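Working notes for the structure below.
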Amino acid sequence: MLQDIQREIIRFAIDLGIDSVNTYGGYKRDLIVKMMTKNKANVLDIRKHSLAAGAKEVIIKEKLDTAQYEIFCVTANDGVYSLR
């Protein structure tokens with residue numbers, strides 16, 4: 001299930017000690033988990049674990065002004081119908 005994938009990603013990241021976590025709905029029906037951390041080793045571990053758990057895509061953005069990394073884990077939401 002989709003919530004199980006997100007829950008697994010968030011639990012793993014919390015155990016690593018991330019700074020913050022948020023969830024969003026994307027404009028293409030995808031669900032997004034956004035996390036912030038200052039530890040680069042955590043970023044790579046979260047990316048690897050998220051892809052193994054079933055995330056569609058993981059995007060990492062380095063914010064030089066705050067010395068933090070933003071991690072966006074995207075999971076596809078197949079339960080929502082789209083207009084054609």
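Identifiers in this document derive from the order of the structure tokens: chains are assigned A, B, ..., residues are numbered from 1 separately in each chain, and ligands are numbered from 1 in order of occurrence.
Residues of stretch 10-81 of chain A that DSSP places in helix (DSSP H, G or I), based on the backbone of this structure, are Ile10, Arg11, Phe12, Ala13, Ile14, Asp15, Leu16, Lys40, Ala41, Asn42, Val43, Leu44, Asp45, Ile46, Arg47, Lys48, His49, Ser50, Leu51, Ala52 and Ala53 of chain A.
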With C-alpha atoms retained, could you export that selection as a CSV table (one decimal), in the first residue's frame?
```
chain,number,residue,atom,x,y,z
A,10,ILE,CA,9.6,8.2,7.4
A,11,ARG,CA,10.4,5.7,10.1
A,12,PHE,CA,13.8,4.9,8.6
A,13,ALA,CA,14.6,8.6,8.3
A,14,ILE,CA,13.5,9.4,11.8
A,15,ASP,CA,15.7,6.7,13.2
A,16,LEU,CA,18.7,8.3,11.4
A,40,LYS,CA,25.3,13.7,3.8
A,41,ALA,CA,25.7,10.1,4.9
A,42,ASN,CA,22.1,10.1,6.0
A,43,VAL,CA,21.1,11.5,2.6
A,44,LEU,CA,22.6,8.5,0.7
A,45,ASP,CA,21.1,6.0,3.2
A,46,ILE,CA,17.6,7.5,2.9
A,47,ARG,CA,17.9,7.5,-0.9
A,48,LYS,CA,18.9,3.8,-1.1
A,49,HIS,CA,16.3,2.7,1.5
A,50,SER,CA,13.5,4.8,-0.2
A,51,LEU,CA,14.1,3.2,-3.6
A,52,ALA,CA,14.2,-0.2,-2.1
A,53,ALA,CA,10.9,0.4,-0.3
```
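Shell of stretch 21-32 of chain A at 8 Å, with only C-alpha atoms counted and residues fewer than 4 places along the chain excluded, is Ile10, Met36, Phe72, Cys73, Val74, Thr75, Ala76, Asn77 and Val80 of chain A.
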C-alpha atoms of the current selection, written as a short mmCIF file (atom, residue, chain, number, x, y, z; two decimals), in the first residue's frame:
```
data_model
loop_
_atom_site.label_atom_id
_atom_site.label_comp_id
_atom_site.auth_asym_id
_atom_site.auth_seq_id
_atom_site.Cartn_x
_atom_site.Cartn_y
_atom_site.Cartn_z
CA ILE A 10 9.59 8.21 7.36
CA MET A 36 15.79 17.90 5.63
CA PHE A 72 12.10 14.48 -1.89
CA CYS A 73 10.80 10.90 -2.02
CA VAL A 74 8.07 10.55 -4.65
CA THR A 75 5.60 7.66 -4.56
CA ALA A 76 3.03 7.09 -7.28
CA ASN A 77 -0.61 7.29 -6.21
CA VAL A 80 -6.62 8.57 -7.85
#
```
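When atom CA of A:Lys63 is paired with atom CA of A:Gln6, their separation reads 23.6 Å.
Of the listed residues (A:Ile18, A:Glu8, A:Gly54, A:Thr37), A:Thr37 comes nearest to A:Gln68; the distances count only C-alpha atoms.
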